[in-house]
Amino acid sequence: MSPSGRAPGPFHGPATPPFERILEFGLVACGLLSILTTAGIVAVLAGETVAFFREVPVRAFLFDTQWTPLFADKHFGIWPLVAGTLLTTAIAVGIALPFGLLSAIFLAEFAPARVRSVVKPLLEVLAGIPTVVYGYFALVTLTPLLQRVVPGLSGFNALSAGLVMGVMIVPFISSLAEDALSAVPDALREGALALGAGRLPTVLRVVVPAARSGILAALLLAVARAIGETMIVAIAAGQQPILTLDPRSSVETMTAYIVQVSMGDVPAGTLEYRTIFAVGTLLFLMTLGFNTLGLRLARGAQRVG
Amino acid sequence: MDPSNDKIRVEGLSAGFGDRRVLFDVSMALPARRVTAIIGPSGCGKSTFIRILNRMHELVRGAWASGEVHLDGVPIHGPGVDPVLLRRRVGMVFQKPNPFPHLSVRENVLAGLSLTGRRRRSEAEAVMERALAQAALWDEVRDRLDAPAGGLSGGQQQRLCIARALAVDPEVLLMDEPCSALDPIATARIEDLIHALCADYTIVIVTHSMQQAARVSHRTAFLLLGELVEHDDTDRLFTSPRDSRTEDYITGKFG
């Protein structure tokens with residue numbers, strides 16, 4: 001406030017009372033803390049990754065087919081870990097996409113309000129179950145069951161880890177896809193119904209295609225979630241970096257490898273220790289890519305809807 | 001008017017949503033191959049009335065209707081009448097143009113046939129060309145049949161919606177304020193179109209424009225607060241209304 005001749009009354013005090021100033025400072029500090037933390041993580045990841053690639057050529061990382069940094073005969077080919085990650089992710093999304101999309105269609109287009117108010121929270125509970133519970137469920141319940149019907153299924157395997165992870169991400173897909181379907185204007189549904197189309201053709205051939213970018217966003221965000229999921233795969237998929245796409249086999253995902261090394265007794269600062277940062281950087285880039293693309297599509301879908 | 005010439009007969013129709021009643025005991029006959037305009041101030045039940053004629057009304061949660069509606073003498077709410085099949089005989093054009101944005105012009109026109117599994121490859125092109133010609137749109141879009149429908153102007157989109165409705169070969173065409181989102185030139189084109197189409201179709205048009213009703217219709221019904229006040233030949237209703245409320249409305253004393 002500019003100095004003036006006016007006597008300072010109760011409404012003419014300083015523009016910002018001291019208390020508000022403290023509050024404002026606190027809020028800025030909180031915001032900065034999370035930004036700095038993120039920046040710090042990225043900096044450490046980048047620094048250690050650069051140090052890693054000073055010792056291991058990028059060529060070895062990208063073109064070797066074995067991942068054995070903890071053995072005497074060291075190989076640093078990332079593909080076994082990437083293959084394990086993509087395999088479990090593909091199985092998970094293969095389960096979650098049809099179930100998630102169908103439940104979204106049911107909830108958005110067919111379910112009466114009462115059914116919806118019960119089913120929706122129930123589905124969301126799936127996302128709230130601790131992943132360690134999912135992991136043990138896959139290891140001690142699902143795998144023995146599957147072993148009766150799938151010959152050659154090993155004790156740790158990509159199949160049951162992927163299936164259980166698929167159940168976990170169903171609500172991710174269903175709730176985002178449901179939002180996308182609900183955002184489709186009623187005018188399109190009415191337009192189709194007025195042409196003498198039944199409910200099902202209207203939904204499948206008019207409403208779902210109109211919501212396709214939102215549905216694709218749901219899929220990409222679910223993929224990012226599956227790639228980054230750690231506990232289920234660390235428990236149920238095993239820790240053997242085998243380059244394979246056989247779902248019956250034990251595989252090691254990128255996340256499971258990071259757990260294995262950081263929980264073990266590898267001394268900090270060694271090359272073995274740095275491998276987890278190189279793997280972490282790749283993981284970070286993959287999930288970041290899927291997330292960014294997914295969010296961009298989701299925002300685009302909202303604008304259209 | 002000869003009753004055997006009535007395409008639709010409405011008897012004692014009441015309707016509403018939940019506790020709210022929007023139509024009170026409406027009875028009227030709609031002659032075949034004529035244009036009937038439904039006029040009245042906002043909220044008088046015009047849209048509800050025509051949405052009952054193709055049973056779109058019942059899709060709204062809490063909607064109800066009582067009374068009888070006959071199409072060619074058959075009650076449309078009777079047992080054994082499938083509303084989906086009814087809507088293929090009674091087409092509808094909405095207030096805001098609603099082409100399917102993810103489909104091309106061609107696919108939009110043929111959407112009714114595709115969605116109902118009646119599309120024949122051999123006939124599709126002929127059906128599309130006929131429908132677009134009937135909607136006076138063929139010359140404007142013949143070079144961009146595969147372009148997305150969203151790229152057309154508002155007036156073109158509305159004529160595309162008319163073509164889409166005509167492609168399934170209905171007998172009745174319901175139009176719910178089809179020009180309210182359009183400029184005067186596009187409106188004039190749609191009105192010309194209505195003139196031409198009434199040779200083959202029974203048309204019911206809801207409008208809040210009395211001038212439009214006077215220009216396009218043979219018969220006019222005036223609804224007020226859910227009640228049918230007057231229903232007569234358009235010329236007579238506008239020149240010598242029998243009810244004082246009609247006179248007040250058409251002379252602009254309210255509405």
# chains A, B, ... in the order shown; residues from 1 in each chain; ligands from 1

$ residues_around --residues "Ala210 in chain A" --least-positions-apart "3" --cutoff "7 Å" --atoms "only C-alpha atoms" --output "PyMOL selection string"
(chain A and resi 184+206-207) or (chain B and resi 102)

$ write_last_selection --atoms "C-alpha atoms" --output "PDB file, in the first residue's frame"
ATOM      1  CA  VAL A 184     -19.999 -38.904 -25.447  1.00  0.00           C
ATOM      2  CA  VAL A 206     -21.449 -45.226 -32.326  1.00  0.00           C
ATOM      3  CA  VAL A 207     -20.615 -44.568 -28.665  1.00  0.00           C
TER       4      VAL A 207
ATOM      5  CA  HIS B 102     -16.130 -40.257 -36.527  1.00  0.00           C
TER       6      HIS B 102
END

$ closest_atom_pairs --of "chain B" --to "chain A" --cutoff "6 Å" --atoms "only C-alpha atoms" --output "CSV"
residue,atom,partner,partner_atom,distance
B:Val84,CA,A:Gly196,CA,4.8
B:Leu85,CA,A:Gly196,CA,6.0
B:Arg87,CA,A:Gly196,CA,4.7
B:Arg88,CA,A:Gly196,CA,4.7
B:Met92,CA,A:Ala194,CA,5.9
B:Gly112,CA,A:Leu195,CA,5.2
B:Leu115,CA,A:Ala197,CA,5.5
B:Thr116,CA,A:Ala197,CA,5.3

$ write_last_selection --atoms "C-alpha atoms" --output "PDB file, in the first residue's frame"
ATOM      1  CA  VAL B  84     -36.761 -50.197 -32.502  1.00  0.00           C
ATOM      2  CA  LEU B  85     -38.811 -51.289 -35.516  1.00  0.00           C
ATOM      3  CA  ARG B  87     -38.357 -45.928 -35.239  1.00  0.00           C
ATOM      4  CA  ARG B  88     -37.436 -47.290 -38.661  1.00  0.00           C
ATOM      5  CA  MET B  92     -36.428 -38.082 -36.535  1.00  0.00           C
ATOM      6  CA  GLY B 112     -29.122 -46.389 -40.402  1.00  0.00           C
ATOM      7  CA  LEU B 115     -26.564 -50.141 -37.682  1.00  0.00           C
ATOM      8  CA  THR B 116     -29.631 -52.219 -38.399  1.00  0.00           C
TER       9      THR B 116
END

$ closest_residue --among "B:Ala37, B:Glu177, B:Arg144, B:Thr246" --to "Leu224 in chain B" --atoms "only C-alpha atoms"
B:Thr246

$ closest_residue --among "B:Pro170, B:Pro99, B:Pro184, B:Gly226" --to "Gln157 in chain B" --atoms "only C-alpha atoms"
B:Pro99

$ residues_around --residues "Leu62 in chain A" --least-positions-apart "2" --cutoff "12 Å" --atoms "only C-alpha atoms" --output "VMD selection string"
chain A and resid 53 56 to 60 64 to 67 75 to 82 278 to 279 282

$ closest_residue --among "B:Leu228, B:Leu132, B:Val109, B:Met56" --to "Leu13 in chain B" --atoms "only C-alpha atoms"
B:Leu228

$ atom_distance --atom1 "CA of Ile169 in chain A" --atom2 "CA of Thr89 in chain A"
10.5 Å

$ residues_around --residues "Gln212 in chain B" --least-positions-apart "3" --cutoff "12 Å" --atoms "only C-alpha atoms" --output "ChimeraX atom specification"
/B:35-39,177-180,184,187-188,190-192,194-195,205-209,215-218,220,234,238

$ write_last_selection --atoms "C-alpha atoms" --output "short mmCIF file (atom, residue, chain, number, x, y, z; two decimals), in the first residue's frame"
data_model
loop_
_atom_site.label_atom_id
_atom_site.label_comp_id
_atom_site.auth_asym_id
_atom_site.auth_seq_id
_atom_site.Cartn_x
_atom_site.Cartn_y
_atom_site.Cartn_z
CA VAL B 35 -46.87 -31.11 -42.89
CA THR B 36 -48.20 -30.57 -39.38
CA ALA B 37 -46.52 -27.88 -37.31
CA ILE B 38 -46.56 -27.93 -33.52
CA ILE B 39 -46.16 -24.44 -32.11
CA GLU B 177 -36.94 -27.47 -34.20
CA PRO B 178 -34.66 -28.47 -37.09
CA CYS B 179 -33.65 -24.90 -37.92
CA SER B 180 -33.09 -23.43 -34.48
CA PRO B 184 -31.66 -17.76 -42.24
CA THR B 187 -33.24 -22.31 -42.71
CA ALA B 188 -34.77 -21.37 -46.05
CA ILE B 190 -34.54 -26.74 -45.05
CA GLU B 191 -37.99 -25.21 -45.46
CA ASP B 192 -37.87 -25.70 -49.26
CA ILE B 194 -39.85 -29.80 -46.27
CA HIS B 195 -42.12 -28.62 -49.07
CA ILE B 205 -42.31 -30.25 -37.32
CA VAL B 206 -41.91 -28.61 -33.93
CA THR B 207 -41.03 -24.96 -34.14
CA HIS B 208 -41.11 -21.94 -31.92
CA SER B 209 -41.25 -19.71 -34.98
CA ARG B 215 -44.59 -21.01 -44.30
CA VAL B 216 -44.15 -24.77 -44.24
CA SER B 217 -47.22 -26.45 -42.75
CA HIS B 218 -50.69 -27.44 -43.88
CA THR B 220 -50.90 -26.28 -37.15
CA THR B 234 -52.63 -23.48 -40.87
CA PHE B 238 -53.29 -17.88 -38.27
#

$ residues_around --residues "Arg274 in chain A" --least-positions-apart "4" --cutoff "8 Å" --atoms "only C-alpha atoms" --output "list in words"
Glu48, Thr49, Ala51, Phe52, Ala268, Gly269, Thr270 and Ala278 of chain A

$ write_last_selection --atoms "C-alpha atoms" --output "JSON list (two decimals), in the first residue's frame"
[["chain", "number", "residue", "atom", "x", "y", "z"],
["A", 48, "GLU", "CA", 24.70, -42.79, -11.97],
["A", 49, "THR", "CA", 23.52, -43.80, -15.43],
["A", 51, "ALA", "CA", 28.79, -43.32, -14.69],
["A", 52, "PHE", "CA", 27.47, -46.74, -15.68],
["A", 268, "ALA", "CA", 27.21, -48.89, -3.21],
["A", 269, "GLY", "CA", 29.40, -47.24, -5.83],
["A", 270, "THR", "CA", 30.30, -50.46, -7.64],
["A", 278, "ALA", "CA", 20.70, -47.67, -15.76]]

$ select_by_dssp --residues "range 146-218 of chain B" --states "strand (DSSP E or B)" --output "VMD selection string"
chain B and resid 148 172 to 176 202 to 206

$ write_last_selection --atoms "C-alpha atoms" --output "mmCIF file, in the first residue's frame"
data_model
loop_
_atom_site.group_PDB
_atom_site.id
_atom_site.type_symbol
_atom_site.label_atom_id
_atom_site.label_comp_id
_atom_site.auth_asym_id
_atom_site.auth_seq_id
_atom_site.Cartn_x
_atom_site.Cartn_y
_atom_site.Cartn_z
ATOM 1 C CA PRO B 148 -15.490 -36.506 -42.208
ATOM 2 C CA VAL B 172 -43.116 -40.311 -41.085
ATOM 3 C CA LEU B 173 -40.451 -37.680 -40.468
ATOM 4 C CA LEU B 174 -40.403 -35.927 -37.095
ATOM 5 C CA MET B 175 -38.442 -32.676 -36.953
ATOM 6 C CA ASP B 176 -37.727 -31.155 -33.566
ATOM 7 C CA THR B 202 -45.874 -37.372 -43.396
ATOM 8 C CA ILE B 203 -43.995 -34.602 -41.641
ATOM 9 C CA VAL B 204 -44.407 -33.290 -38.102
ATOM 10 C CA ILE B 205 -42.309 -30.245 -37.320
ATOM 11 C CA VAL B 206 -41.911 -28.615 -33.931
#

$ closest_atom_pairs --of "range 190-228 of chain A" --to "range 96-120 of chain A" --cutoff "9 Å" --atoms "only C-alpha atoms" --output "Markdown table"
| residue | atom | partner | partner_atom | distance |
| --- | --- | --- | --- | --- |
| A:Arg199 | CA | A:Glu109 | CA | 8.9 |
| A:Val203 | CA | A:Glu109 | CA | 7.4 |
| A:Leu204 | CA | A:Ile105 | CA | 8.9 |
| A:Val208 | CA | A:Ile105 | CA | 8.2 |
| A:Ile215 | CA | A:Leu101 | CA | 8.0 |
| A:Leu219 | CA | A:Leu97 | CA | 7.1 |
| A:Ala222 | CA | A:Ala96 | CA | 8.5 |

$ write_last_selection --atoms "C-alpha atoms" --output "PDB file, in the first residue's frame"
ATOM      1  CA  ARG A 199     -29.055 -50.539 -27.918  1.00  0.00           C
ATOM      2  CA  VAL A 203     -23.143 -48.576 -28.090  1.00  0.00           C
ATOM      3  CA  LEU A 204     -20.628 -50.671 -30.014  1.00  0.00           C
ATOM      4  CA  VAL A 208     -17.419 -46.643 -28.354  1.00  0.00           C
ATOM      5  CA  ILE A 215     -10.255 -45.474 -24.296  1.00  0.00           C
ATOM      6  CA  LEU A 219      -5.054 -48.340 -22.172  1.00  0.00           C
ATOM      7  CA  ALA A 222      -2.737 -48.977 -17.657  1.00  0.00           C
TER       8      ALA A 222
END

$ residues_around --residues "range 223-237 of chain A" --least-positions-apart "5" --cutoff "8 Å" --atoms "only C-alpha atoms" --output "PyMOL selection string"
chain A and resi 85-86+88-89+92-93+131-132+134-136+138-139+156-162+164-165+169+250-253+255-257+259+283+286-288+290-291

$ atom_distance --atom1 "CA of Arg21 in chain A" --atom2 "CA of Leu36 in chain A"
21.8 Å

$ residues_around --residues "Phe17 in chain B" --least-positions-apart "5" --cutoff "12 Å" --atoms "only C-alpha atoms" --output "MDAnalysis selection string"
chainID B and resid 22:23 45 48 57:66

$ atom_distance --atom1 "CA of Leu153 in chain A" --atom2 "CA of Arg248 in chain A"
4.6 Å

$ decode --residues "range 37-143 of chain A" --atoms "C-alpha atoms" --output "compact mmCIF listing (two decimals), in the first residue's frame"
# COMPACT_ATOMS: atom_id res chain seq x y z
CA THR A 37 12.73 -34.13 -4.79
CA THR A 38 11.75 -35.01 -8.35
CA ALA A 39 14.67 -33.03 -9.73
CA GLY A 40 16.98 -34.77 -7.26
CA ILE A 41 15.76 -38.21 -8.31
CA VAL A 42 16.23 -37.39 -11.98
CA ALA A 43 19.70 -35.95 -11.25
CA VAL A 44 20.84 -39.03 -9.31
CA LEU A 45 19.40 -41.34 -11.96
CA ALA A 46 21.14 -39.42 -14.72
CA GLY A 47 24.46 -39.12 -12.85
CA GLU A 48 24.70 -42.79 -11.97
CA THR A 49 23.52 -43.80 -15.43
CA VAL A 50 26.25 -41.72 -17.04
CA ALA A 51 28.79 -43.32 -14.69
CA PHE A 52 27.47 -46.74 -15.68
CA PHE A 53 27.82 -46.06 -19.37
CA ARG A 54 31.40 -44.88 -18.85
CA GLU A 55 32.26 -48.44 -17.91
CA VAL A 56 29.81 -50.35 -20.07
CA PRO A 57 29.45 -49.36 -23.72
CA VAL A 58 25.91 -48.57 -24.87
CA ARG A 59 26.44 -51.22 -27.54
CA ALA A 60 26.81 -53.94 -24.93
CA PHE A 61 23.70 -52.68 -23.14
CA LEU A 62 21.56 -52.72 -26.27
CA PHE A 63 22.90 -55.66 -28.27
CA ASP A 64 24.00 -58.31 -25.79
CA THR A 65 21.36 -60.94 -25.08
CA GLN A 66 22.42 -61.85 -21.56
CA TRP A 67 22.02 -59.96 -18.32
CA THR A 68 24.50 -61.29 -15.74
CA PRO A 69 26.02 -58.29 -13.93
CA LEU A 70 26.16 -60.20 -10.63
CA PHE A 71 28.14 -63.14 -12.01
CA ALA A 72 31.87 -63.49 -12.61
CA ASP A 73 31.23 -63.55 -16.36
CA LYS A 74 29.43 -60.22 -16.66
CA HIS A 75 27.01 -59.40 -19.47
CA PHE A 76 24.95 -56.25 -19.59
CA GLY A 77 22.36 -56.95 -22.30
CA ILE A 78 19.11 -55.32 -21.18
CA TRP A 79 16.82 -57.40 -23.39
CA PRO A 80 16.08 -60.23 -20.93
CA LEU A 81 14.73 -57.67 -18.45
CA VAL A 82 12.82 -55.74 -21.12
CA ALA A 83 11.36 -58.99 -22.48
CA GLY A 84 10.28 -60.04 -18.96
CA THR A 85 8.66 -56.66 -18.41
CA LEU A 86 6.89 -56.60 -21.75
CA LEU A 87 5.73 -60.21 -21.35
CA THR A 88 4.10 -59.69 -17.95
CA THR A 89 2.69 -56.34 -19.10
CA ALA A 90 1.22 -57.86 -22.25
CA ILE A 91 -0.46 -60.64 -20.26
CA ALA A 92 -1.81 -58.14 -17.74
CA VAL A 93 -3.16 -55.76 -20.36
CA GLY A 94 -4.49 -58.69 -22.39
CA ILE A 95 -6.65 -59.57 -19.38
CA ALA A 96 -7.44 -56.05 -18.19
CA LEU A 97 -8.42 -54.50 -21.52
CA PRO A 98 -11.39 -56.75 -22.35
CA PHE A 99 -12.59 -56.94 -18.75
CA GLY A 100 -12.04 -53.24 -18.08
CA LEU A 101 -13.65 -52.13 -21.34
CA LEU A 102 -16.64 -54.42 -20.95
CA SER A 103 -17.24 -53.30 -17.38
CA ALA A 104 -16.93 -49.67 -18.49
CA ILE A 105 -19.50 -50.26 -21.24
CA PHE A 106 -21.79 -52.02 -18.80
CA LEU A 107 -21.47 -49.31 -16.16
CA ALA A 108 -21.76 -46.35 -18.52
CA GLU A 109 -24.45 -47.61 -20.87
CA PHE A 110 -26.48 -50.43 -19.38
CA ALA A 111 -26.29 -50.62 -15.60
CA PRO A 112 -29.23 -49.19 -13.64
CA ALA A 113 -28.16 -46.53 -11.15
CA ARG A 114 -28.46 -48.90 -8.21
CA VAL A 115 -26.28 -51.63 -9.71
CA ARG A 116 -23.76 -48.99 -10.73
CA SER A 117 -23.51 -47.56 -7.23
CA VAL A 118 -22.59 -51.02 -5.93
CA VAL A 119 -20.36 -52.32 -8.73
CA LYS A 120 -18.25 -49.21 -9.24
CA PRO A 121 -16.80 -49.03 -5.69
CA LEU A 122 -16.36 -52.81 -5.69
CA LEU A 123 -14.23 -52.57 -8.83
CA GLU A 124 -12.21 -49.77 -7.31
CA VAL A 125 -11.44 -51.94 -4.29
CA LEU A 126 -9.35 -54.05 -6.68
CA ALA A 127 -6.96 -51.13 -7.08
CA GLY A 128 -6.76 -50.67 -3.31
CA ILE A 129 -5.60 -54.18 -2.42
CA PRO A 130 -1.91 -54.07 -1.42
CA THR A 131 0.17 -55.43 -4.28
CA VAL A 132 2.05 -57.73 -1.93
CA VAL A 133 -1.27 -59.54 -1.36
CA TYR A 134 -1.69 -59.90 -5.12
CA GLY A 135 1.87 -61.21 -5.39
CA TYR A 136 1.40 -63.90 -2.77
CA PHE A 137 -1.98 -64.79 -4.23
CA ALA A 138 -0.30 -65.37 -7.58
CA LEU A 139 2.54 -67.39 -6.05
CA VAL A 140 0.74 -69.63 -3.57
CA THR A 141 -2.79 -69.89 -5.02
CA LEU A 142 -2.93 -69.18 -8.73
CA THR A 143 0.32 -70.84 -9.80
